[in-house]
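**Student:** I am sharing query.cif, which consists of mmCIF, C-alpha atoms:
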```cif
data_entry
#
loop_
_atom_site.label_atom_id
_atom_site.label_comp_id
_atom_site.auth_asym_id
_atom_site.auth_seq_id
_atom_site.Cartn_x
_atom_site.Cartn_y
_atom_site.Cartn_z
CA MET A 1009 64.19 -75.24 -12.40
CA GLY A 1010 65.45 -72.62 -14.89
CA TRP A 1011 63.99 -71.49 -18.21
CA GLU A 1012 66.68 -73.45 -20.02
CA GLN A 1013 65.44 -76.71 -18.56
CA LEU A 1014 61.86 -75.89 -19.47
CA GLN A 1015 62.85 -75.11 -23.04
CA SER A 1016 65.03 -78.20 -23.44
CA GLY A 1017 62.45 -80.49 -21.93
CA VAL A 1018 61.10 -81.73 -18.60
CA THR A 1019 59.76 -85.10 -17.64
CA LEU A 1020 56.04 -85.01 -16.94
CA PRO A 1021 54.21 -87.86 -15.14
CA LEU A 1022 51.59 -88.08 -17.87
CA ASP A 1023 49.68 -91.23 -18.63
CA PRO A 1024 50.48 -92.26 -22.24
CA ALA A 1025 46.74 -92.68 -22.70
CA VAL A 1026 46.31 -88.88 -22.41
CA THR A 1027 46.29 -87.85 -26.05
CA ILE A 1028 45.14 -84.69 -27.78
CA PRO A 1029 41.77 -85.38 -29.42
CA ARG A 1030 40.96 -84.54 -33.02
CA LEU A 1031 39.13 -81.25 -33.48
CA HIS A 1032 36.45 -80.12 -35.93
CA GLU A 1033 36.36 -76.53 -37.14
CA VAL A 1034 32.96 -74.97 -36.58
CA GLU A 1035 31.43 -71.74 -37.85
CA LEU A 1036 29.11 -70.22 -35.27
CA ASP A 1037 25.79 -68.65 -36.17
CA LEU A 1038 26.24 -65.16 -34.74
CA PRO A 1039 24.67 -61.76 -35.43
CA ARG A 1040 26.03 -60.32 -38.67
CA PRO A 1041 24.83 -56.70 -38.91
CA ALA A 1042 25.78 -54.72 -41.98
CA ALA A 1043 29.27 -53.23 -41.90
CA VAL A 1044 30.01 -49.53 -42.24
CA GLU A 1045 31.26 -49.24 -45.82
CA ASP A 1046 33.58 -46.25 -45.40
CA ILE A 1047 34.75 -45.84 -41.80
CA GLU A 1048 36.81 -42.71 -42.43
CA ALA A 1049 34.08 -40.89 -44.34
CA THR A 1050 31.45 -41.88 -41.77
CA ALA A 1051 33.58 -40.65 -38.85
CA ARG A 1052 34.25 -37.39 -40.68
CA ALA A 1053 30.56 -36.82 -41.35
CA GLU A 1054 29.57 -37.71 -37.76
CA VAL A 1055 32.08 -35.24 -36.34
CA ALA A 1056 31.06 -32.48 -38.72
CA SER A 1057 27.36 -32.87 -37.92
CA THR A 1058 27.56 -33.63 -34.18
CA PHE A 1059 29.87 -30.75 -33.28
CA ALA A 1060 28.87 -28.13 -35.87
CA ALA A 1061 27.30 -25.93 -33.19
CA THR A 1062 29.98 -26.40 -30.52
CA VAL A 1063 33.34 -26.21 -32.32
CA THR A 1064 34.68 -22.75 -33.11
CA THR A 1065 37.41 -21.72 -35.53
CA GLY A 1066 40.88 -22.18 -34.11
CA GLN A 1067 39.81 -24.36 -31.16
CA THR A 1068 42.49 -26.85 -30.13
CA ILE A 1069 41.08 -30.36 -29.74
CA ALA A 1070 42.99 -33.22 -28.06
CA VAL A 1071 41.80 -36.39 -29.83
CA GLY A 1072 42.22 -39.54 -27.73
CA ALA A 1073 43.92 -42.56 -29.31
CA GLY A 1074 44.05 -45.82 -27.33
CA SER A 1075 45.60 -49.27 -27.49
CA ARG A 1076 42.52 -51.51 -27.35
CA GLY A 1077 41.64 -53.73 -30.30
CA LEU A 1078 39.76 -51.55 -32.81
CA THR A 1079 38.93 -52.39 -36.37
CA GLY A 1080 39.61 -49.42 -38.63
CA ARG A 1081 41.53 -47.56 -35.93
CA VAL A 1082 43.51 -45.44 -38.39
CA GLU A 1083 40.42 -44.65 -40.46
CA LEU A 1084 38.42 -43.64 -37.36
CA LEU A 1085 41.13 -41.28 -36.16
CA ARG A 1086 41.86 -39.87 -39.61
CA GLY A 1087 38.16 -39.23 -40.24
CA THR A 1088 37.77 -37.60 -36.82
CA VAL A 1089 40.72 -35.27 -37.45
CA ALA A 1090 39.39 -34.37 -40.90
CA GLY A 1091 35.92 -33.66 -39.53
CA LEU A 1092 37.34 -31.33 -36.89
CA ARG A 1093 39.37 -29.48 -39.50
CA ASP A 1094 36.23 -29.13 -41.61
CA LEU A 1095 34.81 -27.16 -38.68
CA GLY A 1096 37.90 -24.96 -38.43
CA ALA A 1097 39.42 -26.64 -35.36
CA ALA A 1098 43.08 -27.48 -34.75
CA PRO A 1099 43.17 -31.15 -33.68
CA PHE A 1100 46.13 -33.16 -32.39
CA LEU A 1101 46.41 -36.69 -30.97
CA VAL A 1102 46.93 -37.57 -27.32
CA LEU A 1103 47.78 -41.08 -26.19
CA ALA A 1104 44.84 -42.01 -23.97
CA MET A 1105 45.73 -45.46 -22.68
CA GLY A 1106 46.31 -45.18 -18.93
CA SER A 1107 49.45 -47.13 -18.01
CA HIS A 1108 49.86 -49.20 -21.17
CA GLY A 1109 53.18 -49.10 -23.01
CA GLY A 1110 55.07 -49.62 -19.77
CA ALA A 1111 53.65 -46.33 -18.44
CA THR A 1112 56.23 -44.34 -20.43
CA ALA A 1113 55.65 -41.69 -23.09
CA GLY A 1114 57.99 -43.41 -25.54
CA GLY A 1115 56.45 -46.81 -24.87
CA GLN A 1116 52.98 -45.49 -25.63
CA VAL A 1117 54.12 -43.87 -28.89
CA ALA A 1118 55.78 -47.14 -29.93
CA MET A 1119 52.66 -49.11 -29.06
CA LEU A 1120 50.45 -46.90 -31.23
CA ALA A 1121 52.98 -47.02 -34.07
CA SER A 1122 52.85 -50.81 -33.98
CA LEU A 1123 49.09 -50.46 -34.50
CA GLY A 1124 49.60 -48.22 -37.52
CA VAL A 1125 48.94 -44.90 -35.79
CA THR A 1126 51.62 -42.35 -36.65
CA GLU A 1127 51.63 -38.66 -37.45
CA ALA A 1128 51.98 -39.56 -41.13
CA SER A 1129 49.11 -42.09 -41.17
CA ILE A 1130 46.67 -39.81 -39.30
CA GLY A 1131 47.83 -36.47 -40.64
CA ALA A 1132 48.05 -34.88 -37.21
CA GLU A 1133 50.65 -34.19 -34.53
CA ILE A 1134 50.98 -36.73 -31.72
CA ARG A 1135 51.79 -35.32 -28.29
CA SER A 1136 52.90 -37.83 -25.68
CA THR A 1137 53.49 -37.40 -21.96
CA MET A 1138 52.77 -39.28 -18.76
CA GLU A 1139 52.37 -36.03 -16.82
CA THR A 1140 48.88 -35.11 -15.66
CA VAL A 1141 47.07 -32.04 -14.35
CA VAL A 1142 44.23 -32.17 -11.83
CA VAL A 1143 41.43 -30.26 -13.56
CA ALA A 1144 38.49 -30.97 -11.25
CA THR A 1145 37.28 -32.79 -8.15
CA THR A 1146 34.47 -35.34 -8.27
CA ALA A 1147 31.39 -35.19 -6.06
CA GLY A 1148 33.07 -37.84 -3.93
CA GLY A 1149 36.15 -35.67 -3.42
CA LYS A 1150 38.49 -37.52 -5.82
CA PRO A 1151 40.91 -35.54 -8.02
CA LEU A 1152 40.31 -35.80 -11.75
CA HIS A 1153 43.58 -36.23 -13.64
CA LEU A 1154 44.03 -35.21 -17.27
CA ASP A 1155 46.98 -35.64 -19.61
CA ARG A 1156 49.03 -32.41 -19.54
CA HIS A 1157 48.72 -31.84 -23.30
CA ALA A 1158 44.99 -32.53 -23.20
CA ALA A 1159 44.56 -30.16 -20.26
CA ALA A 1160 46.20 -27.40 -22.31
CA ALA A 1161 43.74 -27.87 -25.19
CA ASP A 1162 40.38 -26.14 -25.45
CA ARG A 1163 38.50 -29.47 -25.61
CA ILE A 1164 39.12 -33.22 -25.53
CA LEU A 1165 37.52 -35.83 -27.79
CA PRO A 1166 37.91 -39.57 -27.00
CA VAL A 1167 37.70 -41.97 -29.96
CA ASN A 1168 37.05 -45.53 -28.82
CA ARG A 1169 35.22 -48.79 -29.40
CA VAL A 1170 32.23 -49.41 -27.13
CA LYS A 1171 32.18 -52.93 -25.67
CA PRO A 1172 31.62 -54.90 -22.43
CA HIS A 1173 34.27 -54.25 -19.76
CA THR A 1174 36.50 -56.89 -18.19
CA CYS A 1175 36.11 -55.77 -14.55
CA PHE A 1176 32.64 -54.37 -13.96
CA LYS A 1177 29.08 -54.39 -15.28
CA GLY A 1178 26.75 -51.47 -15.79
CA PRO A 1179 24.80 -49.37 -18.31
CA ILE A 1180 28.13 -47.95 -19.54
CA GLU A 1181 31.26 -50.09 -19.60
CA SER A 1182 34.23 -49.74 -21.98
CA GLY A 1183 34.06 -46.84 -24.42
CA CYS A 1184 34.32 -43.06 -24.60
CA THR A 1185 33.60 -42.46 -20.90
CA LYS A 1186 36.33 -44.84 -19.82
CA MET A 1187 38.85 -43.35 -22.24
CA ALA A 1188 38.03 -39.80 -21.10
CA VAL A 1189 38.42 -40.57 -17.40
CA VAL A 1190 40.91 -43.46 -17.34
CA GLY A 1191 42.84 -43.22 -20.62
CA PHE A 1192 43.33 -39.45 -20.56
CA GLY A 1193 44.05 -39.73 -16.82
CA LYS A 1194 47.22 -41.73 -17.50
CA GLN A 1195 48.62 -43.90 -14.69
CA PRO A 1196 47.25 -41.90 -11.71
CA GLY A 1197 43.79 -41.56 -13.23
CA ALA A 1198 43.64 -45.23 -14.18
CA ALA A 1199 44.89 -46.36 -10.77
CA GLN A 1200 42.30 -44.27 -8.95
CA ILE A 1201 39.39 -45.77 -10.90
CA HIS A 1202 40.64 -49.35 -10.65
CA ALA A 1203 41.58 -49.26 -6.97
CA CYS A 1204 38.23 -50.59 -5.76
CA GLY A 1205 35.56 -53.22 -6.40
CA PRO A 1206 33.31 -53.39 -9.47
CA VAL A 1207 30.42 -51.34 -8.07
CA GLU A 1208 32.61 -48.52 -6.79
CA MET A 1209 34.66 -48.62 -10.01
CA ARG A 1210 31.54 -48.00 -12.04
CA ASN A 1211 30.45 -45.21 -9.69
CA ARG A 1212 33.85 -43.51 -9.83
CA LEU A 1213 33.85 -43.66 -13.61
CA LEU A 1214 30.47 -41.96 -13.83
CA ALA A 1215 31.44 -39.41 -11.19
CA GLY A 1216 34.61 -38.69 -13.15
CA ILE A 1217 32.81 -38.03 -16.42
CA ASP A 1218 30.33 -35.76 -14.61
CA ALA A 1219 33.22 -33.76 -13.14
CA LEU A 1220 34.98 -33.56 -16.50
CA ARG A 1221 31.79 -32.46 -18.25
CA SER A 1222 31.27 -29.70 -15.67
CA THR A 1223 34.65 -28.16 -16.58
CA GLY A 1224 33.51 -27.59 -20.16
CA ARG A 1225 36.57 -29.45 -21.46
CA LEU A 1226 34.68 -32.43 -22.89
CA LEU A 1227 33.65 -31.87 -26.49
CA GLY A 1228 32.02 -35.31 -26.77
CA GLY A 1229 33.17 -38.60 -28.25
CA VAL A 1230 33.41 -40.70 -31.40
CA ALA A 1231 32.32 -44.28 -30.75
CA SER A 1232 32.45 -47.44 -32.84
CA VAL A 1233 30.72 -50.79 -32.36
CA GLU A 1234 32.03 -54.04 -33.86
CA SER A 1235 30.37 -57.28 -34.91
CA PRO A 1236 31.56 -60.71 -33.73
CA GLY A 1237 33.46 -60.98 -37.02
CA GLY A 1238 35.31 -57.73 -36.45
CA ASP A 1239 33.40 -55.47 -38.83
CA VAL A 1240 32.64 -51.94 -37.71
CA VAL A 1241 28.84 -51.83 -37.68
CA ALA A 1242 28.32 -48.39 -36.16
CA VAL A 1243 30.24 -45.12 -35.96
CA ARG A 1244 28.53 -42.42 -33.95
CA GLY A 1245 29.39 -38.96 -32.77
CA LEU A 1246 28.35 -38.33 -29.16
CA ASP A 1247 27.90 -34.86 -27.74
CA ALA A 1248 29.12 -34.08 -24.22
CA ASP A 1249 25.84 -35.14 -22.61
CA ASP A 1250 25.75 -38.46 -24.49
CA VAL A 1251 29.23 -39.45 -23.25
CA GLY A 1252 28.32 -41.17 -20.00
CA GLY A 1253 24.65 -40.61 -20.85
CA LYS A 1254 21.84 -42.06 -22.92
CA GLY A 1255 23.76 -42.17 -26.20
CA GLU A 1256 26.62 -44.26 -24.83
CA GLU A 1257 24.21 -46.44 -22.86
CA GLU A 1258 22.39 -47.36 -26.08
CA LEU A 1259 25.66 -48.22 -27.82
CA THR A 1260 26.79 -50.31 -24.83
CA GLU A 1261 23.59 -52.34 -24.90
CA HIS A 1262 24.00 -52.91 -28.64
CA ALA A 1263 27.65 -53.93 -28.23
CA ARG A 1264 26.81 -56.37 -25.44
CA THR A 1265 24.74 -58.44 -27.89
CA LEU A 1266 27.75 -58.64 -30.24
CA VAL A 1267 30.36 -60.03 -27.79
CA PRO A 1268 29.06 -63.53 -27.12
CA ALA A 1269 30.56 -65.93 -24.61
CA LEU A 1270 31.65 -69.36 -25.80
CA PRO A 1271 28.39 -71.23 -26.49
CA PHE A 1272 28.94 -74.27 -24.27
CA GLU A 1273 27.89 -75.10 -20.74
CA GLU A 1274 31.07 -76.92 -19.79
CA ILE A 1275 34.56 -76.98 -21.35
CA ASP A 1276 37.32 -79.21 -20.02
CA VAL A 1277 40.16 -77.50 -21.90
CA LEU A 1278 40.06 -74.18 -23.74
CA VAL A 1279 43.05 -73.55 -26.01
CA VAL A 1280 43.61 -69.88 -26.93
CA GLU A 1281 46.16 -69.47 -29.69
CA GLN A 1282 46.87 -65.79 -29.11
CA GLY A 1283 46.28 -63.20 -26.42
CA GLY A 1284 47.44 -59.62 -26.11
CA LYS A 1285 46.79 -56.02 -25.08
CA ASP A 1286 45.44 -55.29 -28.56
CA ILE A 1287 42.94 -58.14 -28.07
CA SER A 1288 41.80 -57.31 -24.54
CA GLY A 1289 43.15 -55.25 -21.68
CA THR A 1290 43.34 -58.56 -19.83
CA THR A 1291 45.11 -60.45 -22.67
CA VAL A 1292 42.08 -62.75 -23.03
CA ASP A 1293 38.56 -61.36 -22.69
CA PRO A 1294 36.67 -62.78 -19.68
CA ASN A 1295 33.39 -61.89 -21.38
CA VAL A 1296 34.21 -64.76 -23.74
CA THR A 1297 35.87 -67.25 -21.37
CA GLY A 1298 33.67 -66.62 -18.32
CA ARG A 1299 36.68 -66.12 -16.00
CA PHE A 1300 36.48 -62.64 -14.45
CA TRP A 1301 38.00 -63.21 -11.01
CA VAL A 1302 36.90 -59.81 -9.70
CA PRO A 1303 36.08 -59.50 -5.97
CA GLY A 1304 32.41 -58.63 -5.70
CA LEU A 1305 31.54 -59.70 -9.24
CA ASP A 1306 30.10 -63.18 -9.79
CA ASP A 1307 31.43 -65.17 -12.73
CA PRO A 1308 28.69 -66.18 -15.19
CA ASP A 1309 27.09 -69.62 -14.99
CA ARG A 1310 28.40 -70.50 -18.44
CA PRO A 1311 30.77 -71.35 -19.87
CA ARG A 1312 32.39 -73.29 -17.03
CA VAL A 1313 35.99 -73.77 -18.16
CA ALA A 1314 38.18 -76.17 -16.19
CA MET A 1315 41.56 -75.43 -17.81
CA ILE A 1316 42.85 -72.70 -20.16
CA VAL A 1317 45.97 -73.03 -22.29
CA LEU A 1318 47.41 -69.82 -23.77
CA LEU A 1319 49.82 -70.48 -26.65
CA GLY A 1320 51.04 -67.03 -27.69
CA ILE A 1321 51.13 -63.27 -27.08
CA THR A 1322 50.88 -60.60 -29.79
CA ASP A 1323 53.96 -58.54 -30.65
CA VAL A 1324 51.99 -55.34 -30.00
CA SER A 1325 51.75 -56.29 -26.32
CA ALA A 1326 55.52 -55.80 -25.99
CA GLY A 1327 55.66 -58.29 -23.14
CA ASN A 1328 52.79 -56.79 -21.10
CA VAL A 1329 50.76 -59.86 -20.17
CA LEU A 1330 48.36 -58.65 -17.48
CA GLY A 1331 45.75 -61.39 -17.68
CA ILE A 1332 48.21 -64.22 -18.25
CA GLY A 1333 47.02 -65.53 -14.88
CA PHE A 1334 43.69 -66.44 -16.48
CA ALA A 1335 45.59 -69.26 -18.16
CA ASP A 1336 46.58 -72.47 -16.38
CA PHE A 1337 49.36 -73.46 -18.80
CA VAL A 1338 51.66 -71.56 -21.17
CA PRO A 1339 54.62 -72.74 -23.28
CA ALA A 1340 58.10 -71.64 -22.22
CA ALA A 1341 58.33 -69.34 -25.25
CA VAL A 1342 55.49 -67.24 -23.81
CA ALA A 1343 56.95 -67.11 -20.29
CA THR A 1344 60.39 -66.02 -21.50
CA ALA A 1345 58.90 -63.18 -23.55
CA VAL A 1346 57.16 -61.53 -20.58
CA ASP A 1347 58.21 -58.01 -19.61
CA TRP A 1348 57.46 -58.15 -15.89
CA GLN A 1349 58.15 -54.44 -15.39
CA ALA A 1350 55.46 -53.46 -17.90
CA THR A 1351 53.13 -56.18 -16.63
CA TYR A 1352 53.43 -55.24 -12.98
CA VAL A 1353 53.02 -51.50 -13.63
CA ASN A 1354 49.80 -52.31 -15.46
CA CYS A 1355 48.86 -54.73 -12.67
CA PHE A 1356 49.23 -52.13 -9.91
CA THR A 1357 47.21 -49.67 -11.98
CA THR A 1358 44.28 -52.05 -12.35
CA GLY A 1359 43.85 -52.58 -8.63
CA PRO A 1360 42.53 -55.68 -6.79
CA PRO A 1361 41.91 -58.02 -9.78
CA GLY A 1362 45.41 -57.42 -11.14
CA ALA A 1363 47.33 -59.49 -8.60
CA ARG A 1364 45.56 -62.72 -9.46
CA ARG A 1365 45.38 -61.98 -13.17
CA ALA A 1366 49.13 -61.39 -13.41
CA ARG A 1367 50.23 -64.68 -11.81
CA LEU A 1368 52.44 -66.93 -13.88
CA PRO A 1369 50.69 -70.14 -14.98
CA MET A 1370 52.39 -73.54 -15.12
CA VAL A 1371 55.15 -73.30 -17.74
CA LEU A 1372 55.86 -76.34 -19.94
CA PRO A 1373 58.21 -76.84 -22.89
CA ASP A 1374 55.80 -76.62 -25.80
CA GLU A 1375 52.21 -76.50 -27.04
CA ALA A 1376 51.64 -80.25 -26.96
CA SER A 1377 52.94 -80.55 -23.39
CA CYS A 1378 50.59 -77.78 -22.23
CA ILE A 1379 47.51 -79.28 -23.86
CA ARG A 1380 48.25 -82.81 -22.65
CA ALA A 1381 48.85 -81.52 -19.11
CA ALA A 1382 45.57 -79.60 -19.19
CA LEU A 1383 43.74 -82.73 -20.33
CA ALA A 1384 45.35 -84.73 -17.53
CA MET A 1385 44.42 -82.18 -14.85
CA CYS A 1386 40.96 -80.98 -15.93
CA GLY A 1387 39.09 -83.53 -13.78
CA ARG A 1388 37.08 -85.09 -16.60
CA GLY A 1389 37.50 -88.62 -15.32
CA ASP A 1390 36.93 -91.31 -17.92
CA ARG A 1391 34.56 -89.40 -20.17
CA PRO A 1392 35.71 -88.04 -23.57
CA PRO A 1393 37.24 -84.56 -23.19
CA ARG A 1394 35.33 -81.44 -24.11
CA VAL A 1395 38.01 -79.36 -25.87
CA VAL A 1396 37.59 -75.99 -27.60
CA ARG A 1397 40.32 -74.18 -29.54
CA ILE A 1398 40.02 -70.54 -30.66
CA ARG A 1399 42.30 -68.08 -32.45
CA SER A 1400 41.68 -65.34 -29.87
CA THR A 1401 38.85 -63.81 -27.85
CA LEU A 1402 38.66 -60.63 -29.93
CA HIS A 1403 36.46 -61.74 -32.82
CA LEU A 1404 34.91 -65.13 -32.32
CA THR A 1405 33.05 -66.46 -35.35
CA ARG A 1406 34.79 -69.84 -35.51
CA CYS A 1407 36.15 -72.38 -33.08
CA SER A 1408 37.40 -75.97 -33.20
CA VAL A 1409 35.80 -78.57 -30.95
CA SER A 1410 36.40 -82.18 -29.98
CA ASP A 1411 33.98 -85.04 -30.71
CA ALA A 1412 32.44 -84.76 -27.25
CA LEU A 1413 31.03 -81.30 -28.05
CA LEU A 1414 29.54 -82.04 -31.46
CA ASP A 1415 26.19 -82.93 -29.91
CA GLU A 1416 26.22 -79.67 -27.93
CA LEU A 1417 26.76 -77.25 -30.79
CA PRO A 1418 24.35 -74.31 -30.68
CA PRO A 1419 21.60 -74.00 -33.30
CA GLY A 1420 22.85 -72.84 -36.68
CA ALA A 1421 26.48 -73.82 -36.09
CA ARG A 1422 28.12 -75.33 -39.17
CA ILE A 1423 30.84 -78.00 -39.16
CA LEU A 1424 33.25 -76.76 -41.82
CA ALA A 1425 34.83 -80.16 -42.52
CA ASN A 1426 31.36 -81.19 -43.66
CA PRO A 1427 29.78 -78.00 -45.10
CA GLY A 1428 26.30 -79.50 -45.16
CA ALA A 1429 26.28 -80.35 -41.45
CA THR A 1430 24.52 -77.89 -39.14
CA ARG A 1431 22.92 -78.10 -35.73
#
```
Could I get this structure in the form of structure tokens?

**Tutor:**
Amino acid sequence: MGWEQLQSGVTLPLDPAVTIPRLHEVELDLPRPAAVEDIEATARAEVASTFAATVTTGQTIAVGAGSRGLTGRVELLRGTVAGLRDLGAAPFLVLAMGSHGGATAGGQVAMLASLGVTEASIGAEIRSTMETVVVATTAGGKPLHLDRHAAAADRILPVNRVKPHTCFKGPIESGCTKMAVVGFGKQPGAAQIHACGPVEMRNRLLAGIDALRSTGRLLGGVASVESPGGDVVAVRGLDADDVGGKGEEELTEHARTLVPALPFEEIDVLVVEQGGKDISGTTVDPNVTGRFWVPGLDDPDRPRVAMIVLLGITDVSAGNVLGIGFADFVPAAVATAVDWQATYVNCFTTGPPGARRARLPMVLPDEASCIRAALAMCGRGDRPPRVVRIRSTLHLTRCSVSDALLDELPPGARILANPGATR
């Protein structure tokens, strides 16, 4: 069966009684900490105060810019650059995103540009290469790779959001440590960290930051934390000891409380309208869906999702859909837009989980066909279907649910079709 047949229509053996249920939009009662009012000014002040005693006039600083979903990305980077200049340093940007962008220098520049990060918007030079230099060896004997431009600088400074990781659990997950060791390490550095199970991955990450710190190249980090609604609620400068240390651990624990899983025990069909590399490194975030599929890491007890339908991929992803395998059904328009070269390069870099996460789901002609097929195959029997629909897994303050889940809404949830109704 070719793509043309899928796009023009296929005959599915679906019972006519399988219909898509009506959905009710619900606002979830989630933590809503106060937002940082001026992200750029806060980042500038944090840099100026945190590194006042360590930055010297004329020092070259490689500032890490990544591809993950960050609110206020441009403001964070612009404020960081300004703060470094206030101290007399000479900052420039390095693309610290492992193998994203098809693992090419041009692809990474284009990816950042699509996110609004350019030399003009940041006010600093961007230096892009996929070449690395081995600058140290970890205690376990592993080489520590560093972007060639970053290795030529006096110091490096990762700027990243702190959040739960998609492949391992620990006191430090996704944030400045990961960007310093994996992002700045480009494809070889990322592949080395991801080439093992979740426990060893965490250990290698911490060993890598220890080795990098011992070289004196790590200035520190600038970390942000976001609320469930996508507001930046913390911007903090971390010195070299706090990257991979107590400071980042505290931010990780805070961030973990702000990335809630879907608040239901059991979901028959989860419909995700949009996934992408700017939403999660795995297209959809398993911290929200409960599907991790990592050897050696148990999936959480809830939510238990029978079927996932993924309806679209962001343009920023440029066809890289590592994580599309989390879905069970996608429309033909999604399948035909996949860049398998970029996806497979990213897949090989991420190690064991990548093979399963990059599998192609069942491809059907359109959205309705995918949802009806998921309803038919979710194993619900004769009971009313438990269906949840979300915009994406990045910022989850609202969802739409079927009638069968109305009695299972968490406390404080508000049905928007009936503003006075809460549970």

**Student:** If we count all atoms listed in the file, what is near segment 1354-1360 of chain A at a cut-off of 7 Å, once residues fewer than 3 positions away on the same chain are taken out, given as a ChimeraX atom specification?

**Tutor:** /A:1107-1108,1195,1198-1199,1202-1204,1330,1350-1351,1363,1366

**Student:** Just so the selection is clear, what residues does the PyMOL selection byres ((chain A and resi 1043) around 7) cover here, as a VMD selection string?

**Tutor:** chain A and resid 1041 to 1042 1044 to 1045 1239 to 1241

**Student:** Where does the PyMOL selection byres ((chain A and resi 1060) around 10) land in this file, that is, which residues does it pick, as number ranges by chain?

**Tutor:** A: 1054-1059, 1061-1064, 1091-1092, 1094-1096

**Student:** Hey, can you check how far atom CA of Ala1412 of chain A sits from atom CA of Ala1335 of chain A?

**Tutor:**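 Result for atom CA of Ala1412 of chain A versus atom CA of Ala1335 of chain A: 22.3 Å, one decimal.
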
**Student:** Tell me which protein, DNA and RNA residues are within 7 Å of segment 1313-1316 of chain A, counting all atoms listed in the file, leaving out same-chain ones fewer than 2 positions away, and put them as a PyMOL selection string.

**Tutor:** chain A and resi 1274-1279+1311+1318+1335-1337+1382+1386

**Student:** So which residues get picked by the PyMOL selection byres ((chain A and resi 1258-1260) around 7) here, written as a count of residues only?

**Tutor:** 13

**Student:** List every residue of segment 1041-1148 of chain A that has an atom at most 9 Å from any atom of segment 1285-1292 of chain A, giving for each one its closest atom pair and the distance in Å to one decimal, counting all atoms listed in the file, sorted by chain and then by ascending residue number, as a tab-separated table.

**Tutor:**
```
residue	atom	partner	partner_atom	distance
A:Ser1075	CA	A:Asp1286	CA	6.1
A:Arg1076	CA	A:Asp1286	CA	4.9
A:Gly1077	CA	A:Asp1286	CA	4.5
A:Leu1078	CA	A:Asp1286	CA	8.0
A:His1108	CA	A:Lys1285	CA	8.4
A:Leu1123	CA	A:Asp1286	CA	8.5
```

**Student:** Identify which of the residues A:Leu1120, A:Leu1103, A:Val1143, A:Ala1158 lies closest to Ser1325 of chain A, counting only C-alpha atoms when measuring atom-to-atom distances.

**Tutor:**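 Among A:Leu1120, A:Leu1103, A:Val1143, A:Ala1158, it is A:Leu1120 that comes nearest to Ser1325 of chain A.
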
**Student:** Rank A:Leu1226, A:Val1071, A:Val1317, A:Val1089 by their smallest atom-to-atom distance to Ser1377 of chain A, using only C-alpha atoms, and report the top residue only.

**Tutor:**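 The shortest atom-to-atom distance to Ser1377 of chain A comes from A:Val1317.
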
**Student:** Report, in Å to a single decimal, how far apart atom CA of Pro1029 of chain A and atom CA of Pro1392 of chain A are.

**Tutor:**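 A separation of 8.8 Å between them.
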
**Student:** Using all atoms listed in the file, which of the listed residues (A:Gly1087, A:Gly1228, A:Leu1020, A:Thr1027) sits closest to Arg1380 of chain A?

**Tutor:**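 Residue with the minimum atom-to-atom distance to Arg1380 of chain A: A:Thr1027.
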
**Student:** Taking into account all atoms listed in the file, which residue in the set A:Leu1084, A:Ala1341, A:Val1346, A:Ala1384 is nearest to Asn1328 of chain A?

**Tutor:**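 Under the stated criterion, the closest residue is A:Val1346.
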
**Student:** Restricting the calculation to all atoms listed in the file, which member of A:Leu1101, A:Val1371, A:Arg1244, A:Leu1038 is positioned closest to Arg1052 of chain A?

**Tutor:** A:Arg1244

**Student:** For atom CA of Val1167 of chain A and atom CA of Thr1405 of chain A, quote the distance in Å rounded to one decimal.

**Tutor:** 25.5 Å

**Student:** Hey, what's within 6 Å of Ile1069 of chain A if we count only C-alpha atoms and toss same-chain stuff fewer than 2 positions away? As an NGL selection string, please?

**Tutor:** :A and (1099 or 1161 or 1163-1164)

**Student:** Counting only C-alpha atoms, which residues have an atom no more than 10 Å from (40.2, -67.3, -13.8) in the file's coordinates? Please list them as a PDB file with C-alpha atoms, keeping the file's coordinate frame.

**Tutor:**
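Result saved to selection_37.pdb:
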```pdb
ATOM      1  CA  PRO A1294      36.670 -62.780 -19.680  1.00  0.00           C
ATOM      2  CA  THR A1297      35.870 -67.250 -21.370  1.00  0.00           C
ATOM      3  CA  GLY A1298      33.670 -66.620 -18.320  1.00  0.00           C
ATOM      4  CA  ARG A1299      36.680 -66.120 -16.000  1.00  0.00           C
ATOM      5  CA  PHE A1300      36.480 -62.640 -14.450  1.00  0.00           C
ATOM      6  CA  TRP A1301      38.000 -63.210 -11.010  1.00  0.00           C
ATOM      7  CA  VAL A1302      36.900 -59.810  -9.700  1.00  0.00           C
ATOM      8  CA  ASP A1307      31.430 -65.170 -12.730  1.00  0.00           C
ATOM      9  CA  VAL A1313      35.990 -73.770 -18.160  1.00  0.00           C
ATOM     10  CA  ALA A1314      38.180 -76.170 -16.190  1.00  0.00           C
ATOM     11  CA  MET A1315      41.560 -75.430 -17.810  1.00  0.00           C
ATOM     12  CA  ILE A1316      42.850 -72.700 -20.160  1.00  0.00           C
ATOM     13  CA  GLY A1331      45.750 -61.390 -17.680  1.00  0.00           C
ATOM     14  CA  ILE A1332      48.210 -64.220 -18.250  1.00  0.00           C
ATOM     15  CA  GLY A1333      47.020 -65.530 -14.880  1.00  0.00           C
ATOM     16  CA  PHE A1334      43.690 -66.440 -16.480  1.00  0.00           C
ATOM     17  CA  ALA A1335      45.590 -69.260 -18.160  1.00  0.00           C
ATOM     18  CA  ASP A1336      46.580 -72.470 -16.380  1.00  0.00           C
ATOM     19  CA  ARG A1364      45.560 -62.720  -9.460  1.00  0.00           C
ATOM     20  CA  ARG A1365      45.380 -61.980 -13.170  1.00  0.00           C
TER      21      ARG A1365
END
```
